[in-house]
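Engineer: Next comes the structure file data.cif, holding mmCIF, C-alpha atoms and all ligand atoms.
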```
data_protein
#
loop_
_atom_site.label_atom_id
_atom_site.label_comp_id
_atom_site.auth_asym_id
_atom_site.auth_seq_id
_atom_site.Cartn_x
_atom_site.Cartn_y
_atom_site.Cartn_z
CA MET E 10 0.00 0.00 0.00
CA THR E 11 1.33 3.42 -0.87
CA PRO E 12 1.75 6.01 1.89
CA GLU E 13 -0.76 8.22 0.06
CA THR E 14 -3.40 5.49 0.22
CA ALA E 15 -2.56 4.74 3.85
CA SER E 16 -3.00 8.39 4.88
CA GLU E 17 -6.20 8.75 2.88
CA ARG E 18 -7.72 5.64 4.46
CA LEU E 19 -6.71 6.61 7.97
CA ILE E 20 -8.10 10.12 7.65
CA GLY E 21 -11.38 8.42 6.76
CA VAL E 22 -11.12 6.33 9.94
CA ALA E 23 -10.13 9.36 12.01
CA ARG E 24 -13.16 11.34 10.84
CA LYS E 25 -15.51 8.80 12.41
CA ALA E 26 -14.95 10.27 15.89
CA PRO E 27 -12.93 13.13 17.37
CA VAL E 28 -10.91 10.95 19.75
CA ILE E 29 -8.85 7.79 19.29
CA PRO E 30 -8.50 6.06 22.67
CA VAL E 31 -4.91 5.05 23.40
CA LEU E 32 -5.15 1.82 25.38
CA VAL E 33 -2.55 0.13 27.56
CA VAL E 34 -4.17 -3.25 28.18
CA GLU E 35 -2.92 -5.25 31.15
CA ASP E 36 -5.60 -7.94 31.03
CA ALA E 37 -6.69 -9.34 27.66
CA GLY E 38 -9.59 -11.04 29.46
CA SER E 39 -11.39 -7.72 29.80
CA ALA E 40 -10.32 -6.31 26.42
CA ARG E 41 -13.57 -7.16 24.69
CA ASP E 42 -15.65 -5.44 27.38
CA LEU E 43 -13.39 -2.40 27.15
CA ALA E 44 -13.79 -2.15 23.37
CA GLN E 45 -17.56 -2.59 23.64
CA ALA E 46 -17.76 0.15 26.28
CA LEU E 47 -15.81 2.60 24.11
CA VAL E 48 -17.77 1.80 20.96
CA ALA E 49 -21.05 2.16 22.88
CA GLY E 50 -20.03 5.72 23.75
CA GLY E 51 -19.25 6.56 20.13
CA LEU E 52 -15.48 6.10 19.82
CA TYR E 53 -14.74 3.51 17.14
CA ALA E 54 -11.06 3.64 16.21
CA LEU E 55 -9.07 2.11 19.08
CA GLU E 56 -5.28 2.12 19.46
CA ILE E 57 -3.95 -0.75 21.55
CA THR E 58 -0.35 -0.01 22.42
CA LEU E 59 2.14 -2.88 22.11
CA ARG E 60 3.48 -1.98 25.51
CA THR E 61 2.19 -4.88 27.53
CA PRO E 62 2.57 -8.65 27.16
CA GLN E 63 -1.21 -8.87 26.75
CA ALA E 64 -1.46 -6.37 23.89
CA LEU E 65 -1.62 -8.84 20.99
CA ASP E 66 -4.21 -10.98 22.75
CA ALA E 67 -6.19 -7.83 23.46
CA ILE E 68 -6.11 -6.91 19.76
CA ARG E 69 -7.35 -10.43 18.94
CA ALA E 70 -10.17 -10.13 21.48
CA MET E 71 -11.25 -6.68 20.30
CA SER E 72 -11.06 -7.18 16.58
CA ASP E 73 -14.45 -8.82 16.23
CA VAL E 74 -16.31 -6.31 18.40
CA PRO E 75 -19.00 -4.84 16.13
CA GLY E 76 -18.18 -1.27 15.19
CA ALA E 77 -14.64 -1.32 16.54
CA ILE E 78 -11.78 -0.37 14.21
CA VAL E 79 -8.80 -1.89 15.94
CA GLY E 80 -5.28 -0.57 15.50
CA ALA E 81 -1.95 -1.18 17.16
CA GLY E 82 0.15 1.57 18.72
CA THR E 83 3.77 1.88 19.75
CA LEU E 84 4.87 0.07 16.58
CA LEU E 85 8.65 0.35 16.59
CA THR E 86 9.93 -2.46 14.37
CA PRO E 87 8.89 -4.39 11.25
CA ASP E 88 8.24 -7.37 13.50
CA ASP E 89 5.83 -5.31 15.63
CA ALA E 90 3.91 -4.39 12.47
CA ARG E 91 3.67 -8.01 11.31
CA ARG E 92 2.63 -9.36 14.71
CA ALA E 93 0.02 -6.63 15.14
CA GLN E 94 -1.47 -7.32 11.72
CA ASP E 95 -1.49 -11.08 12.36
CA ALA E 96 -3.42 -10.43 15.57
CA GLY E 97 -6.06 -8.46 13.67
CA ALA E 98 -4.90 -4.85 13.76
CA THR E 99 -6.17 -2.93 10.75
CA PHE E 100 -3.92 0.09 11.19
CA GLY E 101 -0.70 1.00 12.95
CA VAL E 102 0.46 4.00 14.95
CA SER E 103 3.97 4.93 15.98
CA PRO E 104 5.35 7.66 18.21
CA GLY E 105 7.83 8.41 15.43
CA SER E 106 8.98 6.67 12.27
CA SER E 107 11.88 4.83 10.70
CA ASP E 108 12.44 3.76 7.11
CA ARG E 109 12.51 0.09 8.14
CA LEU E 110 9.17 0.38 9.91
CA LEU E 111 7.51 2.33 7.09
CA ASP E 112 8.92 -0.05 4.44
CA ALA E 113 7.45 -3.00 6.35
CA CYS E 114 4.02 -1.43 6.79
CA GLU E 115 3.86 -0.51 3.11
CA ALA E 116 4.93 -4.03 2.11
CA ILE E 117 2.25 -5.74 4.20
CA ASP E 118 -0.48 -3.18 3.43
CA LEU E 119 -0.89 -2.02 7.02
CA PRO E 120 -2.03 1.62 6.91
CA MET E 121 0.28 3.59 9.15
CA LEU E 122 -0.05 6.77 11.20
CA PRO E 123 3.57 7.75 11.83
CA GLY E 124 4.61 10.34 14.40
CA ALA E 125 6.37 13.67 13.94
CA ALA E 126 7.44 16.23 16.51
CA THR E 127 9.16 18.85 14.33
CA ALA E 128 8.70 20.56 10.96
CA THR E 129 11.68 18.59 9.63
CA GLU E 130 10.18 15.24 10.65
CA ALA E 131 6.79 16.23 9.28
CA MET E 132 8.37 17.29 5.97
CA ALA E 133 10.30 14.03 5.67
CA LEU E 134 7.09 12.02 6.16
CA LEU E 135 5.22 14.24 3.70
CA GLU E 136 7.99 13.79 1.14
CA ARG E 137 7.45 10.05 1.48
CA GLY E 138 3.70 10.47 0.98
CA TYR E 139 2.30 10.54 4.53
CA SER E 140 -0.05 13.53 4.71
CA PHE E 141 -1.70 12.31 7.94
CA GLN E 142 0.63 12.20 10.93
CA LYS E 143 0.54 11.86 14.67
CA PHE E 144 1.86 14.97 16.46
CA PHE E 145 3.69 13.50 19.44
CA PRO E 146 4.23 14.19 22.32
CA ALA E 147 1.78 17.01 21.72
CA GLU E 148 1.55 18.85 25.03
CA SER E 149 5.24 18.71 25.89
CA ILE E 150 6.41 19.98 22.49
CA GLY E 151 4.33 23.12 22.59
CA GLY E 152 0.74 21.93 22.47
CA ALA E 153 -1.90 23.53 20.30
CA PRO E 154 0.11 26.75 19.65
CA ALA E 155 2.96 24.67 18.19
CA LEU E 156 0.60 22.64 16.04
CA LYS E 157 -1.13 25.82 14.87
CA SER E 158 2.26 27.21 13.83
CA LEU E 159 2.90 24.14 11.66
CA ALA E 160 -0.40 24.71 9.83
CA ALA E 161 0.86 27.94 8.26
CA PRO E 162 3.79 26.53 6.24
CA LEU E 163 2.50 22.94 6.04
CA PRO E 164 -1.27 23.18 5.44
CA GLN E 165 -1.22 19.95 3.41
CA ILE E 166 -0.47 17.87 6.53
CA THR E 167 -3.30 16.76 8.81
CA PHE E 168 -2.44 15.72 12.36
CA CYS E 169 -3.69 13.62 15.23
CA PRO E 170 -2.08 15.23 18.30
CA THR E 171 -1.41 12.73 21.08
CA GLY E 172 0.42 12.86 24.40
CA GLY E 173 -0.95 14.91 27.27
CA VAL E 174 -4.29 15.48 25.52
CA SER E 175 -7.32 15.45 27.81
CA LEU E 176 -10.94 16.54 27.90
CA ALA E 177 -9.70 19.93 29.13
CA ASN E 178 -7.53 20.72 26.09
CA ALA E 179 -8.90 18.47 23.32
CA ALA E 180 -11.36 21.09 22.03
CA THR E 181 -8.53 23.57 21.50
CA TYR E 182 -6.67 21.07 19.31
CA LEU E 183 -9.83 20.10 17.47
CA SER E 184 -10.47 23.75 16.57
CA LEU E 185 -7.23 23.88 14.55
CA PRO E 186 -7.55 23.61 10.77
CA ASN E 187 -4.88 20.88 10.58
CA THR E 188 -6.35 18.60 13.27
CA VAL E 189 -8.92 15.95 12.46
CA CYS E 190 -8.89 14.02 15.73
CA VAL E 191 -6.83 13.64 18.90
CA GLY E 192 -5.46 10.57 20.63
CA GLY E 193 -5.59 10.05 24.36
CA SER E 194 -5.64 7.59 27.19
CA TRP E 195 -7.98 9.62 29.39
CA VAL E 196 -11.11 7.84 28.12
CA ALA E 197 -9.99 4.53 29.63
CA PRO E 198 -8.33 5.27 32.98
CA LYS E 199 -6.47 2.39 34.56
CA HIS E 200 -8.58 2.38 37.73
CA MET E 201 -11.85 2.20 35.80
CA VAL E 202 -10.58 -0.59 33.52
CA GLY E 203 -9.29 -2.46 36.59
CA ALA E 204 -12.63 -2.11 38.35
CA GLY E 205 -14.58 -3.15 35.24
CA ASP E 206 -16.47 0.16 35.32
CA TRP E 207 -17.71 -0.20 31.73
CA ASP E 208 -20.65 2.19 32.17
CA GLY E 209 -18.23 4.83 33.45
CA ILE E 210 -15.97 4.28 30.42
CA THR E 211 -18.96 4.53 28.09
CA ARG E 212 -19.79 7.87 29.72
CA LEU E 213 -16.21 9.14 29.19
CA SER E 214 -16.34 7.87 25.62
CA ALA E 215 -19.64 9.64 24.92
CA GLU E 216 -18.31 12.86 26.43
CA ALA E 217 -15.23 12.64 24.17
CA ALA E 218 -17.32 11.69 21.13
CA SER E 219 -19.40 14.82 21.53
CA LEU E 220 -16.38 17.13 21.14
CA MET E 221 -16.69 19.25 18.01
CA VAL E 222 -14.17 19.18 15.18
CA ALA E 223 -13.73 22.52 13.36
O1 LIG P 1 2.38 4.38 22.55
C1 LIG P 1 2.44 5.13 21.60
O2 LIG P 1 2.40 4.76 20.41
C2 LIG P 1 2.61 6.57 21.83
O3 LIG P 1 3.00 7.25 20.94
C3 LIG P 1 2.30 7.16 23.10
C4 LIG P 1 0.83 7.46 23.35
O4 LIG P 1 0.23 8.05 22.25
C5 LIG P 1 0.73 8.34 24.52
O5 LIG P 1 1.36 7.71 25.59
C6 LIG P 1 -0.67 8.70 24.91
O6 LIG P 1 -0.53 9.75 25.77
P1 LIG P 1 -1.49 10.10 26.98
O7 LIG P 1 -2.86 10.29 26.42
O8 LIG P 1 -0.91 11.35 27.52
O9 LIG P 1 -1.41 8.95 27.94
#
```
Please express the file's structure as structure tokens.
Structural biologist:
Amino acid sequence: MTPETASERLIGVARKAPVIPVLVVEDAGSARDLAQALVAGGLYALEITLRTPQALDAIRAMSDVPGAIVGAGTLLTPDDARRAQDAGATFGVSPGSSDRLLDACEAIDLPMLPGAATATEAMALLERGYSFQKFFPAESIGGAPALKSLAAPLPQITFCPTGGVSLANAATYLSLPNTVCVGGSWVAPKHMVGAGDWDGITRLSAEAASLMVA
């Protein structure tokens, strides 16, 4: 899959809801309930980070939840991309990018949302064909003002800011012309997942889903 096609497809996915939950799953046994709770609130694209031993099993468990569009985050290596796809991930997300990782995702047709933190990184990804990028770690590299500044010289890049985004600042990002959605872990807090508070997570999901995109 070409980078152009990957970005186009993922922007389509990103437009389905203003927030992509970033999930760190410790217990694959509750992954299905978690995905159902988020989808019930109106968030469909889910990013399961490959940061826990249970992540691939969680992707497997979530991938047949009706309405869920399951992706894998924290993809760092070609092997990560292959294992995530084998488990059922339909897209990949990375905090940054490397040629090896992007080559692998293109070769196996896994649409990829690669990360950029500077104009130079964003330009390199654009040169390769990725017009949809994750802006990471959003809050600590200048937040919405920094992302707004990138929109002036690079209006052809659309971003999903992630890292430090919360209900309190998401609307500011979503009002930017170059932001189509945000990523964040706040919709599935560890204590609520641990307690199996699925109604509570559906409420957080619905609150996030009602945020307006400019
Ligand atoms: O794992 C990845 O692929 C990442 O790039 C990092 C995540 O996007 C952030 O850790 C989410 O940040 P918070 O919403 O502040 O918890």
Engineer: Hey, what's within 8 Å of segment 45-58 of chain E if we count only C-alpha atoms and toss same-chain stuff fewer than 6 positions away? As a VMD selection string, please?
Structural biologist: chain E and resid 22 to 23 25 to 34 64 67 to 68 74 to 84 102 207 to 208 210 to 218
Engineer: Restricting the output to C-alpha atoms, write the selected residues as a short mmCIF file (atom, residue, chain, number, x, y, z; two decimals), in the coordinates of the input.
Structural biologist:
```cif
data_model
loop_
_atom_site.label_atom_id
_atom_site.label_comp_id
_atom_site.auth_asym_id
_atom_site.auth_seq_id
_atom_site.Cartn_x
_atom_site.Cartn_y
_atom_site.Cartn_z
CA VAL E 22 -11.12 6.33 9.94
CA ALA E 23 -10.13 9.36 12.01
CA LYS E 25 -15.51 8.80 12.41
CA ALA E 26 -14.95 10.27 15.89
CA PRO E 27 -12.93 13.13 17.37
CA VAL E 28 -10.91 10.95 19.75
CA ILE E 29 -8.85 7.79 19.29
CA PRO E 30 -8.50 6.06 22.67
CA VAL E 31 -4.91 5.05 23.40
CA LEU E 32 -5.15 1.82 25.38
CA VAL E 33 -2.55 0.13 27.56
CA VAL E 34 -4.17 -3.25 28.18
CA ALA E 64 -1.46 -6.37 23.89
CA ALA E 67 -6.19 -7.83 23.46
CA ILE E 68 -6.11 -6.91 19.76
CA VAL E 74 -16.31 -6.31 18.40
CA PRO E 75 -19.00 -4.84 16.13
CA GLY E 76 -18.18 -1.27 15.19
CA ALA E 77 -14.64 -1.32 16.54
CA ILE E 78 -11.78 -0.37 14.21
CA VAL E 79 -8.80 -1.89 15.94
CA GLY E 80 -5.28 -0.57 15.50
CA ALA E 81 -1.95 -1.18 17.16
CA GLY E 82 0.15 1.57 18.72
CA THR E 83 3.77 1.88 19.75
CA LEU E 84 4.87 0.07 16.58
CA VAL E 102 0.46 4.00 14.95
CA TRP E 207 -17.71 -0.20 31.73
CA ASP E 208 -20.65 2.19 32.17
CA ILE E 210 -15.97 4.28 30.42
CA THR E 211 -18.96 4.53 28.09
CA ARG E 212 -19.79 7.87 29.72
CA LEU E 213 -16.21 9.14 29.19
CA SER E 214 -16.34 7.87 25.62
CA ALA E 215 -19.64 9.64 24.92
CA GLU E 216 -18.31 12.86 26.43
CA ALA E 217 -15.23 12.64 24.17
CA ALA E 218 -17.32 11.69 21.13
#
```
Engineer: Please extract the residues at most 10 Å from ligand LIG 1 (chain P), counting all atoms listed in the file, and provide them as a ChimeraX atom specification, using the chain letters and residue numbers of this document.
Structural biologist: /E:29-33,56-60,81-85,101-105,122-124,143-149,169-175,191-198
Engineer: Nearest to Arg69 of chain E: which of E:Ala160, E:Leu185, E:Ala44, E:Ile20 is it, counting only C-alpha atoms?
Structural biologist: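 Checking each of E:Ala160, E:Leu185, E:Ala44, E:Ile20 against Arg69 of chain E, counting only C-alpha atoms, the winner is E:Ala44.
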Engineer: Could you tell me which of E:His200, E:Asp73, E:Leu176, E:Asp66 comes closest to Ala93 of chain E if we count only C-alpha atoms?
Structural biologist: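 Comparing E:His200, E:Asp73, E:Leu176, E:Asp66 against Ala93 of chain E, the winner is E:Asp66.
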Engineer: Nearest to Met10 of chain E among E:Pro120, E:Gly97, E:Pro87, E:Pro154, with distances taken over all atoms listed in the file: which residue is it?
Structural biologist: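 When distances to Met10 of chain E are compared using all atoms listed in the file, the smallest one comes from E:Pro120.
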Engineer: Could you check which of E:Arg41, E:Phe141, E:Thr86, E:Ala179 is closest to Pro164 of chain E, using all atoms listed in the file?
Structural biologist: E:Phe141
Engineer: Using only C-alpha atoms, which residue out of E:Gly138, E:Asp89, E:Ile166, E:Met132 lies closest to Ile117 of chain E?
Structural biologist: E:Asp89
Engineer: For a quick check of understanding, using all atoms listed in the file, which of E:Leu163, E:Ala180, E:Val189, E:Met121 has the smallest distance to Ser219 of chain E?
Structural biologist: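 Among the listed residues, the smallest separation from Ser219 of chain E belongs to E:Ala180.
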Engineer: In Å, rounded to a single decimal, give me how far atom CA of Ala223 of chain E is from atom CA of Thr14 of chain E.
Structural biologist: 23.9 Å
Engineer: Using all atoms of segment 194-205 of chain E that appear in the file, construct an axis-aligned enclosing box with 4 Å of padding on every side and provide its centre coordinates and edge lengths in Å, rounded to one decimal, as AutoDock Vina command-line options.
Structural biologist:
```
--center_x -10.1 --center_y 3.2 --center_z 32.8 --size_x 16.9 --size_y 20.8 --size_z 19.2
```
Engineer: Kindly give the distance, in Å, that separates atom CA of Leu65 of chain E and atom CA of Asp206 of chain E, rounded to a single decimal.
Structural biologist: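 These two atoms are separated by 22.5 Å.
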Engineer: Can you put N, CA and C atoms back into segment 132-168 of chain E and show it as a CSV table (one decimal), keeping the file's coordinate frame?
Structural biologist:
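Result written to out_34.csv:
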```csv
chain,number,residue,atom,x,y,z
E,132,MET,N,8.0,17.1,7.4
E,132,MET,CA,8.4,17.3,6.0
E,132,MET,C,8.9,16.0,5.4
E,133,ALA,N,9.7,15.3,6.2
E,133,ALA,CA,10.3,14.0,5.7
E,133,ALA,C,9.2,13.0,5.4
E,134,LEU,N,8.2,13.0,6.3
E,134,LEU,CA,7.1,12.0,6.2
E,134,LEU,C,6.2,12.4,5.0
E,135,LEU,N,6.0,13.7,4.8
E,135,LEU,CA,5.2,14.2,3.7
E,135,LEU,C,5.9,13.9,2.4
E,136,GLU,N,7.2,14.1,2.4
E,136,GLU,CA,8.0,13.8,1.1
E,136,GLU,C,7.8,12.3,0.7
E,137,ARG,N,7.7,11.5,1.8
E,137,ARG,CA,7.4,10.0,1.5
E,137,ARG,C,6.0,9.7,1.1
E,138,GLY,N,5.1,10.7,1.4
E,138,GLY,CA,3.7,10.5,1.0
E,138,GLY,C,2.7,10.4,2.1
E,139,TYR,N,3.2,10.6,3.4
E,139,TYR,CA,2.3,10.5,4.5
E,139,TYR,C,1.8,11.9,4.8
E,140,SER,N,0.5,12.2,4.5
E,140,SER,CA,0.0,13.5,4.7
E,140,SER,C,-0.9,13.5,6.0
E,141,PHE,N,-1.0,12.4,6.6
E,141,PHE,CA,-1.7,12.3,7.9
E,141,PHE,C,-0.7,11.8,8.9
E,142,GLN,N,-0.4,12.5,10.0
E,142,GLN,CA,0.6,12.2,10.9
E,142,GLN,C,0.2,12.4,12.4
E,143,LYS,N,0.8,11.7,13.2
E,143,LYS,CA,0.5,11.9,14.7
E,143,LYS,C,1.5,13.0,15.1
E,144,PHE,N,1.0,13.9,15.9
E,144,PHE,CA,1.9,15.0,16.5
E,144,PHE,C,2.1,14.6,17.9
E,145,PHE,N,3.4,14.1,18.2
E,145,PHE,CA,3.7,13.5,19.4
E,145,PHE,C,5.1,13.9,19.9
E,146,PRO,N,5.2,14.2,21.2
E,146,PRO,CA,4.2,14.2,22.3
E,146,PRO,C,3.6,15.6,22.4
E,147,ALA,N,2.4,15.7,22.0
E,147,ALA,CA,1.8,17.0,21.7
E,147,ALA,C,2.0,18.1,22.8
E,148,GLU,N,1.5,17.8,24.0
E,148,GLU,CA,1.6,18.8,25.0
E,148,GLU,C,3.0,19.3,25.4
E,149,SER,N,3.9,18.3,25.4
E,149,SER,CA,5.2,18.7,25.9
E,149,SER,C,6.1,19.4,24.8
E,150,ILE,N,5.6,19.3,23.5
E,150,ILE,CA,6.4,20.0,22.5
E,150,ILE,C,5.7,21.3,22.0
E,151,GLY,N,4.9,21.8,22.9
E,151,GLY,CA,4.3,23.1,22.6
E,151,GLY,C,2.8,23.2,22.4
E,152,GLY,N,2.2,22.0,22.5
E,152,GLY,CA,0.7,21.9,22.5
E,152,GLY,C,0.1,22.5,21.2
E,153,ALA,N,-1.1,23.0,21.4
E,153,ALA,CA,-1.9,23.5,20.3
E,153,ALA,C,-1.2,24.7,19.6
E,154,PRO,N,-0.6,25.6,20.4
E,154,PRO,CA,0.1,26.8,19.6
E,154,PRO,C,1.2,26.2,18.7
E,155,ALA,N,1.9,25.2,19.1
E,155,ALA,CA,3.0,24.7,18.2
E,155,ALA,C,2.3,24.0,17.0
E,156,LEU,N,1.3,23.3,17.2
E,156,LEU,CA,0.6,22.6,16.0
E,156,LEU,C,0.0,23.7,15.1
E,157,LYS,N,-0.6,24.7,15.7
E,157,LYS,CA,-1.1,25.8,14.9
E,157,LYS,C,0.0,26.5,14.0
E,158,SER,N,1.1,26.6,14.6
E,158,SER,CA,2.3,27.2,13.8
E,158,SER,C,2.6,26.4,12.6
E,159,LEU,N,2.5,25.0,12.8
E,159,LEU,CA,2.9,24.1,11.7
E,159,LEU,C,1.9,24.3,10.5
E,160,ALA,N,0.6,24.6,10.9
E,160,ALA,CA,-0.4,24.7,9.8
E,160,ALA,C,-0.1,25.8,8.8
E,161,ALA,N,0.6,26.8,9.2
E,161,ALA,CA,0.9,27.9,8.3
E,161,ALA,C,1.8,27.5,7.1
E,162,PRO,N,3.0,26.9,7.4
E,162,PRO,CA,3.8,26.5,6.2
E,162,PRO,C,3.5,25.2,5.7
E,163,LEU,N,2.8,24.3,6.5
E,163,LEU,CA,2.5,22.9,6.0
E,163,LEU,C,1.0,22.6,6.1
E,164,PRO,N,0.2,23.4,5.4
E,164,PRO,CA,-1.3,23.2,5.4
E,164,PRO,C,-1.7,21.8,4.8
E,165,GLN,N,-0.8,21.2,4.1
E,165,GLN,CA,-1.2,20.0,3.4
E,165,GLN,C,-1.1,18.8,4.3
E,166,ILE,N,-0.6,19.0,5.6
E,166,ILE,CA,-0.5,17.9,6.5
E,166,ILE,C,-1.6,18.0,7.6
E,167,THR,N,-2.3,16.9,7.8
E,167,THR,CA,-3.3,16.8,8.8
E,167,THR,C,-2.7,16.0,10.0
E,168,PHE,N,-3.1,16.4,11.2
E,168,PHE,CA,-2.4,15.7,12.4
E,168,PHE,C,-3.5,15.1,13.3
```
